[in-house]
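Dropping query.txt in here (compact mmCIF, C-alpha atoms):
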# COMPACT_ATOMS: atom_id res chain seq x y z
CA MET A 63 0.00 0.00 0.00
CA VAL A 64 1.32 3.42 -0.95
CA ASN A 65 0.55 5.79 1.94
CA ASP A 66 3.32 8.21 2.71
CA ALA A 67 3.68 11.97 3.05
CA GLN A 68 5.62 11.95 -0.22
CA THR A 69 2.79 10.29 -2.16
CA LEU A 70 1.12 12.33 -4.88
CA GLU A 71 -1.78 11.66 -7.19
CA LEU A 72 -0.70 11.21 -10.78
CA PHE A 73 -4.26 11.38 -12.03
CA ARG A 74 -7.89 11.26 -10.96
CA PHE A 75 -11.08 10.38 -12.77
CA ALA A 76 -13.88 10.79 -10.24
CA ASP A 77 -17.42 11.95 -9.70
CA GLU A 78 -19.62 12.09 -6.59
CA GLY A 79 -20.11 8.32 -6.48
CA GLN A 80 -16.97 6.66 -7.77
CA GLY A 81 -13.53 7.15 -9.15
CA VAL A 82 -10.14 5.83 -10.14
CA THR A 83 -6.87 7.43 -9.10
CA VAL A 84 -3.20 6.61 -9.34
CA ALA A 85 -0.93 7.55 -6.44
CA VAL A 86 2.87 7.60 -6.77
CA ARG A 87 5.32 7.43 -3.89
CA CYS A 88 7.86 10.06 -4.95
CA ASP A 89 10.52 9.72 -2.26
CA ALA A 90 11.87 6.18 -2.55
CA PRO A 91 12.98 5.27 -6.07
CA TRP A 92 15.09 2.32 -6.98
CA THR A 93 17.22 2.10 -10.06
CA ASN A 94 17.88 -0.47 -12.72
CA GLY A 95 20.65 0.83 -14.93
CA GLU A 96 19.80 4.42 -15.81
CA GLU A 97 16.06 4.08 -15.15
CA ARG A 98 14.38 5.06 -11.86
CA TYR A 99 11.26 3.27 -10.66
CA TYR A 100 8.68 4.37 -8.09
CA GLN A 101 6.02 2.49 -6.15
CA ALA A 102 2.50 3.39 -7.17
CA GLU A 103 -1.00 2.05 -6.92
CA ILE A 104 -4.28 2.27 -8.75
CA VAL A 105 -7.11 3.02 -6.33
CA LEU A 106 -10.69 2.26 -7.34
CA GLN A 107 -13.54 3.52 -5.17
CA SER A 108 -17.28 3.08 -5.63
CA GLY A 109 -20.41 2.18 -3.70
CA PHE A 110 -20.17 -1.31 -5.20
CA VAL A 111 -16.48 -2.22 -5.14
CA ASN A 112 -13.29 -0.73 -3.70
CA GLY A 113 -9.82 -1.94 -4.50
CA ARG A 114 -6.14 -1.20 -4.78
CA VAL A 115 -3.55 -2.74 -7.00
CA GLY A 116 0.16 -1.96 -6.94
CA LEU A 117 2.42 -1.13 -9.84
CA VAL A 118 5.69 0.64 -10.49
CA VAL A 119 6.17 3.67 -12.69
CA SER A 120 9.15 5.36 -14.27
CA PRO A 121 9.65 8.81 -15.77
CA ALA A 122 9.06 7.16 -19.17
CA ASP A 123 5.62 6.07 -17.91
CA LEU A 124 4.89 9.72 -17.09
CA ASP A 125 5.74 10.66 -20.68
CA GLU A 126 3.43 7.87 -21.84
CA TRP A 127 0.67 9.21 -19.58
CA GLU A 128 1.05 12.64 -21.16
CA HIS A 129 0.52 11.04 -24.59
CA CYS A 130 -2.58 9.30 -23.20
CA LEU A 131 -3.97 12.66 -22.06
CA ASP A 132 -3.35 14.03 -25.56
CA ALA A 133 -5.19 11.05 -27.06
CA MET A 134 -8.15 11.47 -24.71
CA GLU A 135 -8.30 15.18 -25.51
CA ALA A 136 -8.75 14.07 -29.15
CA ASP A 137 -11.57 11.72 -28.02
CA GLU A 138 -9.40 8.64 -28.48
CA GLY A 139 -9.03 5.86 -25.96
CA ALA A 140 -5.89 5.23 -23.96
CA VAL A 141 -4.15 2.28 -22.32
CA TRP A 142 -1.72 2.95 -19.48
CA PRO A 143 0.89 1.84 -18.52
CA ALA A 144 2.15 -0.10 -21.52
CA GLY A 145 3.39 -3.63 -21.15
CA ASP A 146 1.93 -6.72 -19.57
CA ASP A 147 3.96 -7.01 -16.38
CA SER A 148 1.64 -5.17 -14.01
CA ALA A 149 -1.78 -3.70 -13.46
CA TRP A 150 -3.01 -1.37 -16.20
CA MET A 151 -5.99 0.71 -17.27
CA ASP A 152 -8.03 1.08 -20.41
CA ILE A 153 -9.74 4.48 -20.59
CA VAL A 154 -12.50 5.38 -23.03
CA PRO A 155 -13.33 9.13 -23.05
CA ASP A 156 -17.05 8.68 -23.59
CA ASP A 157 -20.05 10.04 -21.70
CA PRO A 158 -19.50 8.82 -19.06
CA PHE A 159 -15.79 8.00 -19.17
CA GLU A 160 -15.18 4.26 -18.90
CA VAL A 161 -12.11 3.39 -16.85
CA THR A 162 -11.33 -0.32 -16.73
CA VAL A 163 -8.72 -1.39 -14.17
CA HIS A 164 -6.97 -4.68 -14.99
CA ASP A 165 -5.05 -6.62 -12.34
CA SER A 166 -2.87 -8.48 -14.76
CA PRO A 167 -1.06 -10.83 -14.71
CA SER A 168 -1.77 -11.41 -11.00
CA THR A 169 -5.49 -12.19 -10.57
CA GLN A 170 -6.76 -11.54 -14.13
CA ILE A 171 -9.63 -9.48 -12.61
CA ALA A 172 -10.86 -6.38 -14.45
CA VAL A 173 -13.33 -3.79 -13.14
CA LEU A 174 -15.03 -1.17 -15.32
CA VAL A 175 -15.90 2.11 -13.59
CA PRO A 176 -18.11 4.63 -15.40
CA VAL A 177 -17.22 8.17 -14.31
CA ASP A 178 -18.91 11.48 -15.07
CA VAL A 179 -15.77 13.59 -15.21
CA ALA A 180 -15.75 17.32 -14.49
CA ASP A 181 -15.51 19.73 -17.41
CA ASP A 182 -11.94 20.62 -16.43
CA TRP A 183 -10.75 16.98 -16.09
CA LEU A 184 -7.98 17.45 -18.65
CA GLU A 185 -6.55 20.57 -17.03
CA GLN A 186 -6.70 18.98 -13.56
CA ASN A 187 -4.90 15.86 -14.73
CA ARG A 188 -2.17 17.83 -16.51
CA VAL A 189 -1.54 19.75 -13.25
CA LEU A 190 -1.28 16.47 -11.30
CA LEU A 191 1.15 15.07 -13.89
CA GLU A 192 3.40 18.12 -13.64
CA ARG A 193 3.42 17.94 -9.81
CA VAL A 194 4.56 14.33 -9.92
CA ARG A 195 7.20 15.12 -12.55
CA ALA A 196 8.55 17.96 -10.38
CA ALA A 197 8.65 15.73 -7.30
CA LEU A 198 10.41 12.91 -9.15
CA SER A 199 13.01 15.22 -10.62
CA GLY A 200 14.13 16.03 -7.08
CA ALA A 201 13.94 12.50 -5.62
CA PRO A 202 17.27 11.06 -4.43
CA GLU A 203 18.36 7.60 -5.49
CA THR A 204 17.96 5.14 -2.64
CA ARG A 205 18.61 1.62 -3.87
CA THR A 206 19.43 -0.42 -6.95
CA ALA A 207 17.63 -3.42 -8.35
Will you turn the file into structure tokens for me?
Amino acid sequence: MVNDAQTLELFRFADEGQGVTVAVRCDAPWTNGEERYYQAEIVLQSGFVNGRVGLVVSPADLDEWEHCLDAMEADEGAVWPAGDDSAWMDIVPDDPFEVTVHDSPSTQIAVLVPVDVADDWLEQNRVLLERVRAALSGAPETRTA
């Protein structure tokens, strides 16, 4: 579970009843070669089901998320993060948004959450992305893989 003072939301799709967020722990990276990795988790909350699934993210994943935001702004779907080693999301910018959280390859469970996003969802999520990028750019290296 990611729950530390140095944890920031990378993004949020939420309405009054349900939502999906990603939180990134920005203060404890580990390295593998030149790449830094950070603990993160997808958090799903609704009146029907609540869940958390862990994943790791890198600065390259943040760049990928920015491309996903661009795609959603153009009314295209997005899948994030790429790869098949951890949990991931499939996001369809419809009315309402459809955010499907996949716990793969672990349990193979997927949960679709329809969300009526706010009008300024794109702006809010770009601000969250930039906050995480700024925090990660100042994070010290702590361990190697």
Hey, what's within 12 Å of Asp123 (chain A) if we count all atoms listed in the file and toss same-chain stuff fewer than 2 positions away? As an mmCIF file with C-alpha atoms, in the frame of the given file, please?
data_model
loop_
_atom_site.group_PDB
_atom_site.id
_atom_site.type_symbol
_atom_site.label_atom_id
_atom_site.label_comp_id
_atom_site.auth_asym_id
_atom_site.auth_seq_id
_atom_site.Cartn_x
_atom_site.Cartn_y
_atom_site.Cartn_z
ATOM 1 C CA LEU A 72 -0.700 11.210 -10.780
ATOM 2 C CA VAL A 86 2.870 7.600 -6.770
ATOM 3 C CA GLU A 97 16.060 4.080 -15.150
ATOM 4 C CA ARG A 98 14.380 5.060 -11.860
ATOM 5 C CA TYR A 99 11.260 3.270 -10.660
ATOM 6 C CA TYR A 100 8.680 4.370 -8.090
ATOM 7 C CA ALA A 102 2.500 3.390 -7.170
ATOM 8 C CA LEU A 117 2.420 -1.130 -9.840
ATOM 9 C CA VAL A 118 5.690 0.640 -10.490
ATOM 10 C CA VAL A 119 6.170 3.670 -12.690
ATOM 11 C CA SER A 120 9.150 5.360 -14.270
ATOM 12 C CA PRO A 121 9.650 8.810 -15.770
ATOM 13 C CA ASP A 125 5.740 10.660 -20.680
ATOM 14 C CA GLU A 126 3.430 7.870 -21.840
ATOM 15 C CA TRP A 127 0.670 9.210 -19.580
ATOM 16 C CA GLU A 128 1.050 12.640 -21.160
ATOM 17 C CA HIS A 129 0.520 11.040 -24.590
ATOM 18 C CA CYS A 130 -2.580 9.300 -23.200
ATOM 19 C CA VAL A 141 -4.150 2.280 -22.320
ATOM 20 C CA TRP A 142 -1.720 2.950 -19.480
ATOM 21 C CA PRO A 143 0.890 1.840 -18.520
ATOM 22 C CA ALA A 144 2.150 -0.100 -21.520
ATOM 23 C CA GLY A 145 3.390 -3.630 -21.150
ATOM 24 C CA TRP A 150 -3.010 -1.370 -16.200
ATOM 25 C CA LEU A 191 1.150 15.070 -13.890
ATOM 26 C CA VAL A 194 4.560 14.330 -9.920
ATOM 27 C CA ARG A 195 7.200 15.120 -12.550
#
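Here CA of Asn187 (chain A) and CA of Ala133 (chain A) stand 13.2 Å from one another.
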Legend entry - Long-range neighbours of Ala76 (chain A) as a PyMOL selection string, 10 Å cut-off, only C-alpha atoms, 4 positions minimum in chain: chain A and resi 80-83+106-108+159+175-180+183
Could you please take those selected residues and save C-alpha atoms as a compact mmCIF listing (two decimals), in the coordinates of the input?
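Dumped everything to out07.txt:
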# COMPACT_ATOMS: atom_id res chain seq x y z
CA GLN A 80 -16.97 6.66 -7.77
CA GLY A 81 -13.53 7.15 -9.15
CA VAL A 82 -10.14 5.83 -10.14
CA THR A 83 -6.87 7.43 -9.10
CA LEU A 106 -10.69 2.26 -7.34
CA GLN A 107 -13.54 3.52 -5.17
CA SER A 108 -17.28 3.08 -5.63
CA PHE A 159 -15.79 8.00 -19.17
CA VAL A 175 -15.90 2.11 -13.59
CA PRO A 176 -18.11 4.63 -15.40
CA VAL A 177 -17.22 8.17 -14.31
CA ASP A 178 -18.91 11.48 -15.07
CA VAL A 179 -15.77 13.59 -15.21
CA ALA A 180 -15.75 17.32 -14.49
CA TRP A 183 -10.75 16.98 -16.09
Surrounding residues of Gln68 (chain A) excluding itself and chain neighbours under 2 positions, 7 Å, only C-alpha atoms, as a short mmCIF file (atom, residue, chain, number, x, y, z; two decimals) with C-alpha atoms, in the coordinates of the input:
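result_23.cif, written as the output of this step:
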data_model
loop_
_atom_site.label_atom_id
_atom_site.label_comp_id
_atom_site.auth_asym_id
_atom_site.auth_seq_id
_atom_site.Cartn_x
_atom_site.Cartn_y
_atom_site.Cartn_z
CA ASP A 66 3.32 8.21 2.71
CA LEU A 70 1.12 12.33 -4.88
CA ARG A 87 5.32 7.43 -3.89
CA CYS A 88 7.86 10.06 -4.95
CA ASP A 89 10.52 9.72 -2.26
#
Legend entry - Two-atom distance - CA of Ala196 (chain A), CA of Asp132 (chain A) (Å): 19.7 Å
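Across the model, the gap from CA of Val163 (chain A) to CA of Phe73 (chain A) is 13.7 Å.
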Inset, instruction - Determine the nearest neighbour of Ala149 (chain A) from the options A:Asp165, A:Glu78, A:Glu71, A:Asp181, counting only C-alpha atoms. - result: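 For Ala149 (chain A), the nearest of the given residues is A:Asp165.
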Just want the 8 Å neighbourhood of Pro167 (chain A), counted on only C-alpha atoms, with same-chain residues fewer than 3 positions away dropped. Output as a compact mmCIF listing (two decimals) with C-alpha atoms, in the frame of the given file.
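For reference, part_25.txt as written:
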# COMPACT_ATOMS: atom_id res chain seq x y z
CA ASP A 146 1.93 -6.72 -19.57
CA ASP A 147 3.96 -7.01 -16.38
CA SER A 148 1.64 -5.17 -14.01
CA ALA A 149 -1.78 -3.70 -13.46
CA GLN A 170 -6.76 -11.54 -14.13
Legend entry - For Asp182 (chain A), the nearest of the candidates A:Thr69, A:Gly95, A:Phe75, A:Arg114, counting only C-alpha atoms: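 Using only C-alpha atoms, the shortest distance to Asp182 (chain A) belongs to A:Phe75.
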Given 5 Å on each side, where is the centre and what are the edge lengths in Å to one decimal of the axis-aligned box enclosing the listed atoms of region 153-157 of chain A, as AutoDock Vina command-line options?
--center_x -14.9 --center_y 7.3 --center_z -22.1 --size_x 20.3 --size_y 15.6 --size_z 13.0
Inset, instruction - Give me the residues within 6 Å of Asp152 (chain A) as number ranges by chain, counting only C-alpha atoms and dropping any in the same chain fewer than 3 places off. - result: A: 140-141, 161-162
Inset, instruction - Go through A:Ala136, A:Val84, A:Pro155, A:Glu96 and flag the residue nearest Ala122 (chain A), using only C-alpha atoms for the distances. - result: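 Comparing A:Ala136, A:Val84, A:Pro155, A:Glu96 against Ala122 (chain A), the winner is A:Glu96.
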